$ cat my_file06.cif   # mmCIF, C-alpha atoms and all ligand atoms
data_start
loop_
_atom_site.label_atom_id
_atom_site.label_comp_id
_atom_site.auth_asym_id
_atom_site.auth_seq_id
_atom_site.Cartn_x
_atom_site.Cartn_y
_atom_site.Cartn_z
CA MET A 27 -30.05 -71.11 2.81
CA ALA A 28 -26.67 -71.63 4.40
CA LEU A 29 -26.51 -70.26 7.94
CA ASP A 30 -23.51 -68.84 9.81
CA PRO A 31 -22.49 -71.40 12.47
CA PHE A 32 -21.44 -68.56 14.79
CA THR A 33 -24.53 -66.35 14.59
CA GLY A 34 -27.28 -68.58 13.15
CA PRO A 35 -29.42 -70.95 15.20
CA VAL A 36 -27.73 -74.20 16.18
CA PRO A 37 -29.92 -77.16 15.20
CA PRO A 38 -31.26 -79.06 18.22
CA ILE A 39 -28.96 -81.95 19.07
CA ALA A 40 -30.69 -85.20 20.00
CA GLY A 41 -29.54 -88.74 20.70
CA LEU A 42 -26.17 -87.91 22.25
CA GLY A 43 -24.89 -90.91 24.22
CA PHE A 44 -25.12 -90.80 28.06
CA THR A 45 -27.38 -87.70 28.14
CA GLY A 46 -30.75 -89.39 28.86
CA ASN A 47 -30.57 -89.66 32.68
CA PRO A 48 -34.11 -88.87 33.96
CA LEU A 49 -33.50 -89.47 37.68
CA ASP A 50 -34.30 -86.85 40.31
CA ARG A 51 -30.91 -86.78 42.07
CA ALA A 52 -32.69 -86.01 45.35
CA ASP A 53 -29.98 -84.04 47.11
CA ARG A 54 -32.36 -83.60 50.10
CA LEU A 55 -32.13 -87.34 50.81
CA ARG A 56 -28.33 -87.35 50.79
CA GLN A 57 -28.16 -84.89 53.66
CA ASP A 58 -30.02 -87.09 56.16
CA PRO A 59 -28.85 -90.62 57.13
CA ALA A 60 -32.36 -91.51 58.40
CA LEU A 61 -33.95 -90.54 55.07
CA LEU A 62 -31.26 -92.48 53.21
CA ALA A 63 -31.96 -95.60 55.28
CA GLN A 64 -35.71 -95.18 54.62
CA SER A 65 -35.01 -94.89 50.90
CA ALA A 66 -32.93 -98.09 50.91
CA ALA A 67 -35.82 -99.87 52.71
CA HIS A 68 -38.45 -98.53 50.26
CA PRO A 69 -40.37 -101.49 48.71
CA GLU A 70 -39.69 -100.21 45.19
CA ALA A 71 -35.99 -99.43 45.76
CA ARG A 72 -33.65 -101.18 43.31
CA LEU A 73 -29.92 -101.69 43.02
CA MET A 74 -27.52 -101.66 40.07
CA VAL A 75 -24.53 -103.93 40.84
CA LEU A 76 -21.66 -103.14 38.48
CA ALA A 77 -19.09 -105.84 37.74
CA GLY A 78 -15.84 -103.89 37.82
CA LEU A 79 -17.32 -100.88 36.08
CA ASP A 80 -19.37 -102.83 33.54
CA PRO A 81 -23.17 -102.57 33.68
CA PRO A 82 -25.23 -105.58 34.81
CA LEU A 83 -27.20 -106.69 31.77
CA ALA A 84 -30.50 -108.49 31.46
CA ARG A 85 -31.92 -109.60 28.12
CA ASP A 86 -33.53 -106.20 27.48
CA GLY A 87 -31.19 -103.72 29.19
CA LEU A 88 -29.98 -102.96 32.71
CA ASP A 89 -30.53 -105.67 35.30
CA TRP A 90 -31.84 -104.01 38.51
CA GLN A 91 -31.63 -106.11 41.68
CA PRO A 92 -33.59 -106.06 44.95
CA MET A 93 -31.84 -104.16 47.74
CA ALA A 94 -31.19 -107.45 49.58
CA GLU A 95 -28.27 -107.94 47.15
CA ALA A 96 -26.32 -105.31 49.13
CA GLY A 97 -24.23 -106.61 52.03
CA ALA A 98 -23.90 -104.94 55.44
CA GLY A 99 -20.45 -103.55 54.62
CA ASP A 100 -21.35 -102.19 51.17
CA GLU A 101 -21.17 -98.45 50.60
CA LEU A 102 -24.38 -97.67 48.72
CA LEU A 103 -24.45 -94.90 46.14
CA LEU A 104 -27.81 -93.14 45.85
CA LEU A 105 -28.39 -92.47 42.15
CA GLY A 106 -31.75 -90.76 42.70
CA LEU A 107 -35.47 -91.31 42.34
CA ASP A 108 -37.21 -92.83 39.35
CA ALA A 109 -40.80 -91.54 39.63
CA GLY A 110 -40.36 -91.70 43.41
CA ALA A 111 -38.68 -95.12 43.49
CA PRO A 112 -35.12 -94.97 44.90
CA ARG A 113 -32.28 -96.23 42.71
CA PHE A 114 -28.92 -97.22 44.19
CA ALA A 115 -25.67 -98.63 42.83
CA LEU A 116 -22.58 -100.41 44.06
CA ALA A 117 -19.60 -102.06 42.37
CA ARG A 118 -18.29 -105.59 42.84
CA PRO A 119 -15.01 -106.86 41.39
CA SER A 120 -15.41 -108.38 37.93
CA ALA A 121 -14.73 -112.09 37.43
CA PRO A 122 -11.00 -112.94 37.12
CA GLY A 123 -9.84 -112.59 33.53
CA GLN A 124 -13.04 -110.82 32.47
CA ARG A 125 -12.31 -108.08 29.90
CA PRO A 126 -14.22 -104.79 30.22
CA LEU A 127 -17.16 -104.41 27.84
CA ASP A 128 -16.36 -102.73 24.54
CA LEU A 129 -17.77 -99.21 24.32
CA ARG A 130 -19.33 -99.69 20.90
CA LYS A 131 -21.05 -102.86 22.10
CA LEU A 132 -22.35 -101.03 25.15
CA ALA A 133 -24.08 -98.44 22.99
CA GLY A 134 -26.26 -101.10 21.41
CA LEU A 135 -27.20 -102.77 24.70
CA LEU A 136 -28.63 -99.86 26.69
CA SER A 137 -31.47 -97.44 25.93
CA GLU A 138 -30.76 -93.69 26.01
CA VAL A 139 -32.26 -93.47 29.53
CA GLU A 140 -30.32 -96.49 30.81
CA ALA A 141 -27.04 -95.27 29.32
CA GLY A 142 -27.55 -91.94 31.13
CA ILE A 143 -28.14 -93.62 34.49
CA TYR A 144 -25.22 -95.98 33.92
CA ALA A 145 -22.94 -93.02 33.13
CA GLN A 146 -23.73 -91.52 36.53
CA ALA A 147 -23.15 -94.84 38.33
CA ARG A 148 -19.95 -95.63 36.45
CA SER A 149 -18.32 -92.23 36.99
CA MET A 150 -19.27 -92.13 40.67
CA LEU A 151 -18.23 -95.71 41.50
CA GLY A 152 -14.97 -95.28 39.59
CA TRP A 153 -14.28 -92.17 41.67
CA HIS A 154 -14.98 -94.05 44.94
CA ASP A 155 -12.64 -96.82 43.87
CA ARG A 156 -9.80 -94.37 43.19
CA HIS A 157 -10.32 -92.32 46.39
CA ARG A 158 -10.12 -94.87 49.19
CA HIS A 159 -7.41 -92.76 50.82
CA CYS A 160 -7.22 -89.10 51.71
CA ALA A 161 -5.25 -86.99 49.22
CA VAL A 162 -4.17 -84.70 52.10
CA CYS A 163 -2.85 -87.16 54.71
CA GLY A 164 -3.17 -90.67 53.27
CA ALA A 165 -5.59 -92.02 55.91
CA PRO A 166 -8.57 -94.12 54.73
CA THR A 167 -11.72 -92.25 53.68
CA ARG A 168 -15.35 -93.29 54.01
CA ALA A 169 -18.43 -92.40 51.99
CA GLU A 170 -21.10 -90.02 53.31
CA LYS A 171 -24.10 -88.21 51.85
CA GLY A 172 -25.32 -91.13 49.81
CA GLY A 173 -21.90 -91.41 48.15
CA TYR A 174 -21.44 -87.76 47.14
CA LEU A 175 -18.72 -87.11 49.70
CA ARG A 176 -15.74 -89.06 51.03
CA ARG A 177 -14.46 -87.92 54.39
CA CYS A 178 -11.00 -88.63 55.77
CA THR A 179 -11.26 -90.86 58.85
CA SER A 180 -8.25 -89.28 60.59
CA GLY A 181 -9.37 -87.11 63.53
CA MET A 182 -6.36 -84.83 62.87
CA CYS A 183 -7.43 -84.22 59.26
CA GLY A 184 -11.09 -84.96 58.44
CA ALA A 185 -10.72 -83.52 54.92
CA GLU A 186 -13.77 -83.72 52.66
CA HIS A 187 -13.36 -85.01 49.10
CA PHE A 188 -16.01 -84.49 46.44
CA PRO A 189 -16.55 -86.37 43.17
CA ARG A 190 -14.87 -84.68 40.24
CA THR A 191 -15.81 -84.00 36.65
CA ASP A 192 -13.00 -83.32 34.18
CA PRO A 193 -13.94 -80.84 31.44
CA VAL A 194 -12.75 -81.64 27.92
CA THR A 195 -13.22 -79.30 24.98
CA ILE A 196 -14.08 -80.90 21.65
CA MET A 197 -14.30 -78.58 18.69
CA LEU A 198 -15.22 -78.55 15.07
CA VAL A 199 -12.87 -75.99 13.51
CA ILE A 200 -14.63 -74.29 10.61
CA ASP A 201 -13.25 -72.34 7.67
CA GLY A 202 -16.21 -71.38 5.46
CA ASP A 203 -17.36 -74.64 3.88
CA ARG A 204 -14.47 -76.71 5.18
CA CYS A 205 -13.90 -78.21 8.59
CA LEU A 206 -10.83 -79.60 10.30
CA LEU A 207 -10.75 -83.22 11.45
CA GLY A 208 -7.93 -85.37 12.78
CA ARG A 209 -7.14 -88.98 13.54
CA LYS A 210 -5.15 -90.73 16.23
CA LYS A 211 -3.13 -93.78 15.37
CA GLU A 212 -5.43 -96.02 17.45
CA PHE A 213 -8.62 -94.91 15.63
CA PRO A 214 -10.33 -97.46 13.37
CA ARG A 215 -9.12 -97.31 9.76
CA ARG A 216 -10.09 -94.12 7.84
CA SER A 217 -11.79 -92.62 10.93
CA TYR A 218 -11.51 -88.87 11.47
CA SER A 219 -12.97 -86.88 14.33
CA ALA A 220 -13.11 -83.41 15.88
CA LEU A 221 -10.01 -82.27 17.77
CA ALA A 222 -10.27 -82.43 21.56
CA GLY A 223 -8.32 -81.78 24.73
CA PHE A 224 -8.63 -81.30 28.49
CA LEU A 225 -9.19 -77.85 29.93
CA GLU A 226 -6.31 -76.74 32.10
CA PRO A 227 -6.68 -74.97 35.45
CA GLY A 228 -7.16 -71.23 35.05
CA GLU A 229 -8.45 -71.49 31.48
CA THR A 230 -11.78 -70.52 29.95
CA ILE A 231 -13.48 -72.91 27.53
CA GLU A 232 -12.66 -70.49 24.70
CA ASP A 233 -8.97 -70.34 25.72
CA ALA A 234 -8.76 -74.13 25.86
CA VAL A 235 -10.33 -74.54 22.41
CA ARG A 236 -7.90 -72.04 20.81
CA ARG A 237 -4.88 -73.51 22.61
CA GLU A 238 -5.70 -77.13 21.73
CA VAL A 239 -6.28 -76.36 18.05
CA MET A 240 -3.01 -74.41 17.89
CA GLU A 241 -1.10 -77.21 19.68
CA GLU A 242 -2.53 -80.11 17.70
CA ALA A 243 -2.90 -78.59 14.24
CA GLY A 244 -1.13 -75.20 14.21
CA ILE A 245 -4.37 -73.43 13.27
CA ARG A 246 -5.21 -70.05 14.83
CA CYS A 247 -8.87 -69.72 15.94
CA GLY A 248 -11.09 -66.68 16.53
CA GLN A 249 -14.71 -67.04 17.58
CA VAL A 250 -15.70 -70.03 19.68
CA ARG A 251 -19.32 -71.03 20.08
CA TYR A 252 -20.63 -73.52 22.63
CA VAL A 253 -22.97 -76.06 21.00
CA ALA A 254 -23.71 -78.94 23.42
CA SER A 255 -22.16 -81.04 26.18
CA GLN A 256 -22.01 -84.73 26.96
CA PRO A 257 -21.02 -86.72 30.05
CA TRP A 258 -18.32 -89.23 29.08
CA PRO A 259 -17.88 -91.62 32.01
CA PHE A 260 -14.41 -92.98 31.02
CA PRO A 261 -13.73 -92.16 33.77
CA SER A 262 -15.38 -88.81 34.49
CA SER A 263 -15.15 -86.36 31.60
CA LEU A 264 -17.61 -83.76 30.46
CA MET A 265 -17.23 -83.21 26.72
CA ILE A 266 -17.89 -79.55 25.88
CA GLY A 267 -18.75 -79.38 22.19
CA CYS A 268 -17.95 -76.14 20.34
CA PHE A 269 -17.62 -74.64 16.90
CA ALA A 270 -14.36 -72.71 16.41
CA GLU A 271 -13.65 -70.23 13.63
CA ALA A 272 -10.36 -70.81 11.80
CA LEU A 273 -8.25 -67.70 11.19
CA SER A 274 -5.42 -69.53 9.38
CA ASP A 275 -5.33 -72.63 7.20
CA ALA A 276 -1.82 -74.13 7.05
CA ILE A 277 -1.82 -77.31 9.15
CA THR A 278 1.13 -78.25 11.38
CA ILE A 279 0.41 -81.63 12.98
CA ASP A 280 1.53 -82.47 16.51
CA SER A 281 2.54 -86.01 15.66
CA SER A 282 2.81 -87.01 19.31
CA GLU A 283 -0.99 -86.57 19.53
CA LEU A 284 -2.30 -87.14 16.02
CA GLU A 285 -1.41 -89.20 12.99
CA ASP A 286 -3.16 -86.92 10.51
CA VAL A 287 -5.20 -83.72 10.34
CA GLN A 288 -7.03 -82.58 7.20
CA TRP A 289 -9.54 -80.06 5.93
CA PHE A 290 -12.69 -81.75 4.60
CA ASP A 291 -15.28 -79.91 2.53
CA LEU A 292 -19.02 -79.93 3.04
CA ASP A 293 -19.66 -82.53 0.32
CA ALA A 294 -17.11 -84.94 1.83
CA CYS A 295 -18.63 -84.49 5.31
CA GLU A 296 -22.18 -84.96 4.08
CA ALA A 297 -21.20 -88.14 2.22
CA ALA A 298 -19.28 -89.43 5.27
CA LEU A 299 -22.33 -88.86 7.51
CA ALA A 300 -24.37 -90.87 4.98
CA GLY A 301 -21.80 -93.68 5.27
CA HIS A 302 -20.01 -93.40 1.92
CA GLY A 303 -17.55 -90.53 2.24
CA PRO A 304 -13.75 -90.36 1.93
CA PHE A 305 -13.49 -90.90 5.70
CA VAL A 306 -15.42 -92.64 8.50
CA VAL A 307 -17.31 -90.42 10.98
CA ALA A 308 -17.32 -90.95 14.75
CA PRO A 309 -20.35 -93.07 15.80
CA PRO A 310 -23.62 -91.32 16.86
CA LEU A 311 -22.78 -92.16 20.49
CA ALA A 312 -20.07 -89.47 20.35
CA ILE A 313 -20.55 -85.71 20.35
CA ALA A 314 -18.05 -85.37 17.46
CA HIS A 315 -20.66 -86.98 15.20
CA HIS A 316 -23.31 -84.47 16.26
CA LEU A 317 -21.05 -81.42 15.89
CA LEU A 318 -20.31 -82.44 12.31
CA LYS A 319 -23.97 -83.17 11.57
CA ALA A 320 -25.11 -79.86 13.08
CA TRP A 321 -22.61 -77.94 10.98
CA VAL A 322 -23.58 -79.74 7.74
CA GLU A 323 -27.28 -79.05 8.47
CA LEU A 324 -26.56 -75.37 9.09
CA ARG A 325 -24.69 -74.99 5.80
CA ARG A 326 -27.31 -76.76 3.65
ZN ZN B 401 -6.83 -86.81 55.64
#
$ encode --input "my_file06.cif" --output "structure tokens"
Amino acid sequence: MALDPFTGPVPPIAGLGFTGNPLDRADRLRQDPALLAQSAAHPEARLMVLAGLDPPLARDGLDWQPMAEAGAGDELLLLGLDAGAPRFALARPSAPGQRPLDLRKLAGLLSEVEAGIYAQARSMLGWHDRHRHCAVCGAPTRAEKGGYLRRCTSGMCGAEHFPRTDPVTIMLVIDGDRCLLGRKKEFPRRSYSALAGFLEPGETIEDAVRREVMEEAGIRCGQVRYVASQPWPFPSSLMIGCFAEALSDAITIDSSELEDVQWFDLDACEAALAGHGPFVVAPPLAIAHHLLKAWVELRR
């Protein structure tokens, strides 16, 4: 029996990329420099050394190093505890001319758990790299609290800066047994995905979903239902996946954002998820894939 995506149960969503981080983030250790030093000296402590922001890879996944790899001047990021064993990370410059790892390739190289831990390390180390100076006065900053704070070193200022997460709404717009998907020019050929956009200050998630859909496709939306979220560490987004109810159906494309927007019916979406539809679905790494799949499962 077809279920209403706004009132029926949402099918459980599993296998979303970057959501498998099992570490205990151990906030209590961050507060105390002595405990942090003890953790770094723990015999089972290990270190992830990113090259640029790429993960260090061994034959079968992430390559964890002994703590001796860290130099005296390195700012260590405490990722957390893995069954009591401390896990740290730091970033080193990548080799000259080295191109960053392709995202799709990355998905095949790391397990769900490893991808989740890497997402935390990548977002945090990227933030450190971009916040070497105080946004208030311009003086250098230094890391504290295991890497979860940067403090301005100027005695006149001393401002505290915290790592940021940038919320992005991503929504499957639904009109009965059709849904709205769009493509950007840079997408692979025939690929269509859910519309998405950053939340703006002073906006609710629901406001942002309705505004983005109106801006990008000219469609008015009513009900908005939260479905699932996903960290997206490029560099520090949180994808907030929603269903949105369409109240109008004539599409007006914002061509500065999107190359095409179309309604696709349930049959087309089901075939696309099975790999032989009229369009190509976002890969299972991405929440757009899971929103579409959840909706198709609800309607069947
Ligand atoms: Zn300052």
$ closest_residue --input "my_file06.cif" --among "A:Ala165, A:Ala314, A:Met197, A:Val250" --to "ligand ZN 401 (chain B)" --atoms "all atoms listed in the file"
A:Ala165
$ residues_near_ligand --input "my_file06.cif" --ligand "ligand ZN 401 (chain B)" --cutoff "9 Å" --atoms "only C-alpha atoms and all ligand atoms" --output "JSON, numbers by chain"
{"A": [159, 160, 161, 162, 163, 164, 165, 166, 167, 177, 178, 179, 180, 181, 182, 183, 184, 185, 186]}
$ residues_around --input "my_file06.cif" --residues "A:Ala133" --least-positions-apart "5" --cutoff "9 Å" --atoms "all atoms listed in the file" --output "number ranges by chain"
A: 43, 128, 138, 141, 311
$ atom_distance --input "my_file06.cif" --atom1 "atom CA of A:Pro81" --atom2 "atom CA of A:Leu116"
10.6 Å
$ atom_distance --input "my_file06.cif" --atom1 "atom CA of A:Met240" --atom2 "atom CA of A:Gln288"
14.0 Å
$ atom_distance --input "my_file06.cif" --atom1 "atom CA of A:Val75" --atom2 "atom CA of A:Gly99"
14.4 Å
$ residues_around --input "my_file06.cif" --residues "A:Ala169" --least-positions-apart "6" --cutoff "10 Å" --atoms "only C-alpha atoms" --output "ChimeraX atom specification"
/A:101-103,154,157-158,175-178,186-188
$ closest_residue --input "my_file06.cif" --among "A:Ala276, A:Pro82, A:Leu129, A:Gly172" --to "A:Asp100" --atoms "only C-alpha atoms"
A:Gly172
$ closest_residue --input "my_file06.cif" --among "A:Cys205, A:Leu49, A:Val239, A:Leu225" --to "A:Ala147" --atoms "all atoms listed in the file"
A:Leu49
$ decode --input "my_file06.cif" --residues "stretch 27-54 of chain A" --atoms "N, CA, C and O atoms" --output "short mmCIF file (atom, residue, chain, number, x, y, z; two decimals), in the first residue's frame"
data_model
loop_
_atom_site.label_atom_id
_atom_site.label_comp_id
_atom_site.auth_asym_id
_atom_site.auth_seq_id
_atom_site.Cartn_x
_atom_site.Cartn_y
_atom_site.Cartn_z
N MET A 27 0.85 -1.20 0.00
CA MET A 27 0.00 0.00 0.00
C MET A 27 0.89 1.25 0.00
O MET A 27 1.84 1.34 0.77
N ALA A 28 0.54 2.18 -0.86
CA ALA A 28 1.33 3.41 -0.92
C ALA A 28 1.11 4.24 0.35
O ALA A 28 -0.02 4.40 0.80
N LEU A 29 2.19 4.75 0.91
CA LEU A 29 2.10 5.53 2.14
C LEU A 29 2.36 7.00 1.84
O LEU A 29 3.07 7.34 0.90
N ASP A 30 1.76 7.87 2.67
CA ASP A 30 1.95 9.32 2.51
C ASP A 30 3.34 9.69 3.06
O ASP A 30 3.63 9.45 4.23
N PRO A 31 4.20 10.29 2.23
CA PRO A 31 5.55 10.61 2.70
C PRO A 31 5.57 11.66 3.81
O PRO A 31 6.61 11.85 4.45
N PHE A 32 4.45 12.33 4.03
CA PHE A 32 4.44 13.38 5.07
C PHE A 32 3.82 12.91 6.39
O PHE A 32 4.01 13.54 7.42
N THR A 33 3.05 11.81 6.35
CA THR A 33 2.45 11.33 7.59
C THR A 33 2.81 9.87 7.88
O THR A 33 2.77 9.44 9.03
N GLY A 34 3.18 9.12 6.83
CA GLY A 34 3.51 7.70 7.02
C GLY A 34 4.89 7.56 7.64
O GLY A 34 5.62 8.54 7.80
N PRO A 35 5.24 6.32 8.01
CA PRO A 35 6.59 6.10 8.56
C PRO A 35 7.64 6.29 7.46
O PRO A 35 7.40 5.92 6.32
N VAL A 36 8.77 6.89 7.83
CA VAL A 36 9.87 7.01 6.88
C VAL A 36 10.71 5.74 7.01
O VAL A 36 11.07 5.35 8.12
N PRO A 37 11.01 5.06 5.90
CA PRO A 37 11.81 3.84 6.01
C PRO A 37 13.16 4.16 6.62
O PRO A 37 13.71 5.24 6.38
N PRO A 38 13.71 3.23 7.42
CA PRO A 38 15.03 3.50 8.00
C PRO A 38 16.06 3.68 6.89
O PRO A 38 16.03 2.97 5.89
N ILE A 39 16.93 4.67 7.08
CA ILE A 39 17.94 4.96 6.06
C ILE A 39 19.28 4.44 6.55
O ILE A 39 19.73 4.81 7.63
N ALA A 40 19.88 3.54 5.77
CA ALA A 40 21.16 2.94 6.18
C ALA A 40 22.19 3.14 5.07
O ALA A 40 21.83 3.30 3.91
N GLY A 41 23.45 3.15 5.44
CA GLY A 41 24.52 3.18 4.45
C GLY A 41 24.82 4.55 3.88
O GLY A 41 25.49 4.66 2.85
N LEU A 42 24.36 5.60 4.56
CA LEU A 42 24.70 6.96 4.13
C LEU A 42 26.20 7.19 4.33
O LEU A 42 26.71 6.87 5.40
N GLY A 43 26.86 7.77 3.35
CA GLY A 43 28.30 8.03 3.48
C GLY A 43 28.62 8.96 4.64
O GLY A 43 27.85 9.88 4.94
N PHE A 44 29.73 8.72 5.32
CA PHE A 44 30.29 9.58 6.38
C PHE A 44 29.47 9.57 7.68
O PHE A 44 29.65 10.44 8.53
N THR A 45 28.53 8.61 7.84
CA THR A 45 27.71 8.63 9.06
C THR A 45 28.09 7.52 10.05
O THR A 45 27.43 7.34 11.04
N GLY A 46 29.19 6.78 9.78
CA GLY A 46 29.49 5.61 10.61
C GLY A 46 30.52 5.83 11.71
O GLY A 46 31.13 4.88 12.17
N ASN A 47 30.74 7.10 12.12
CA ASN A 47 31.78 7.37 13.11
C ASN A 47 31.41 6.82 14.49
O ASN A 47 30.48 7.32 15.11
N PRO A 48 32.14 5.81 15.00
CA PRO A 48 31.78 5.19 16.28
C PRO A 48 32.55 5.77 17.47
O PRO A 48 32.36 5.30 18.59
N LEU A 49 33.43 6.75 17.24
CA LEU A 49 34.31 7.19 18.33
C LEU A 49 33.53 7.90 19.43
O LEU A 49 32.58 8.63 19.17
N ASP A 50 33.99 7.67 20.67
CA ASP A 50 33.54 8.47 21.82
C ASP A 50 34.36 9.75 21.74
O ASP A 50 35.58 9.72 21.87
N ARG A 51 33.70 10.89 21.51
CA ARG A 51 34.46 12.13 21.28
C ARG A 51 35.14 12.67 22.53
O ARG A 51 35.93 13.61 22.45
N ALA A 52 34.82 12.11 23.68
CA ALA A 52 35.58 12.32 24.92
C ALA A 52 35.84 13.79 25.24
O ALA A 52 36.98 14.20 25.45
N ASP A 53 34.79 14.55 25.30
CA ASP A 53 34.91 15.98 25.61
C ASP A 53 35.66 16.21 26.94
O ASP A 53 36.39 17.18 27.08
N ARG A 54 35.49 15.28 27.91
CA ARG A 54 36.14 15.44 29.22
C ARG A 54 37.67 15.50 29.09
O ARG A 54 38.32 16.17 29.89
#
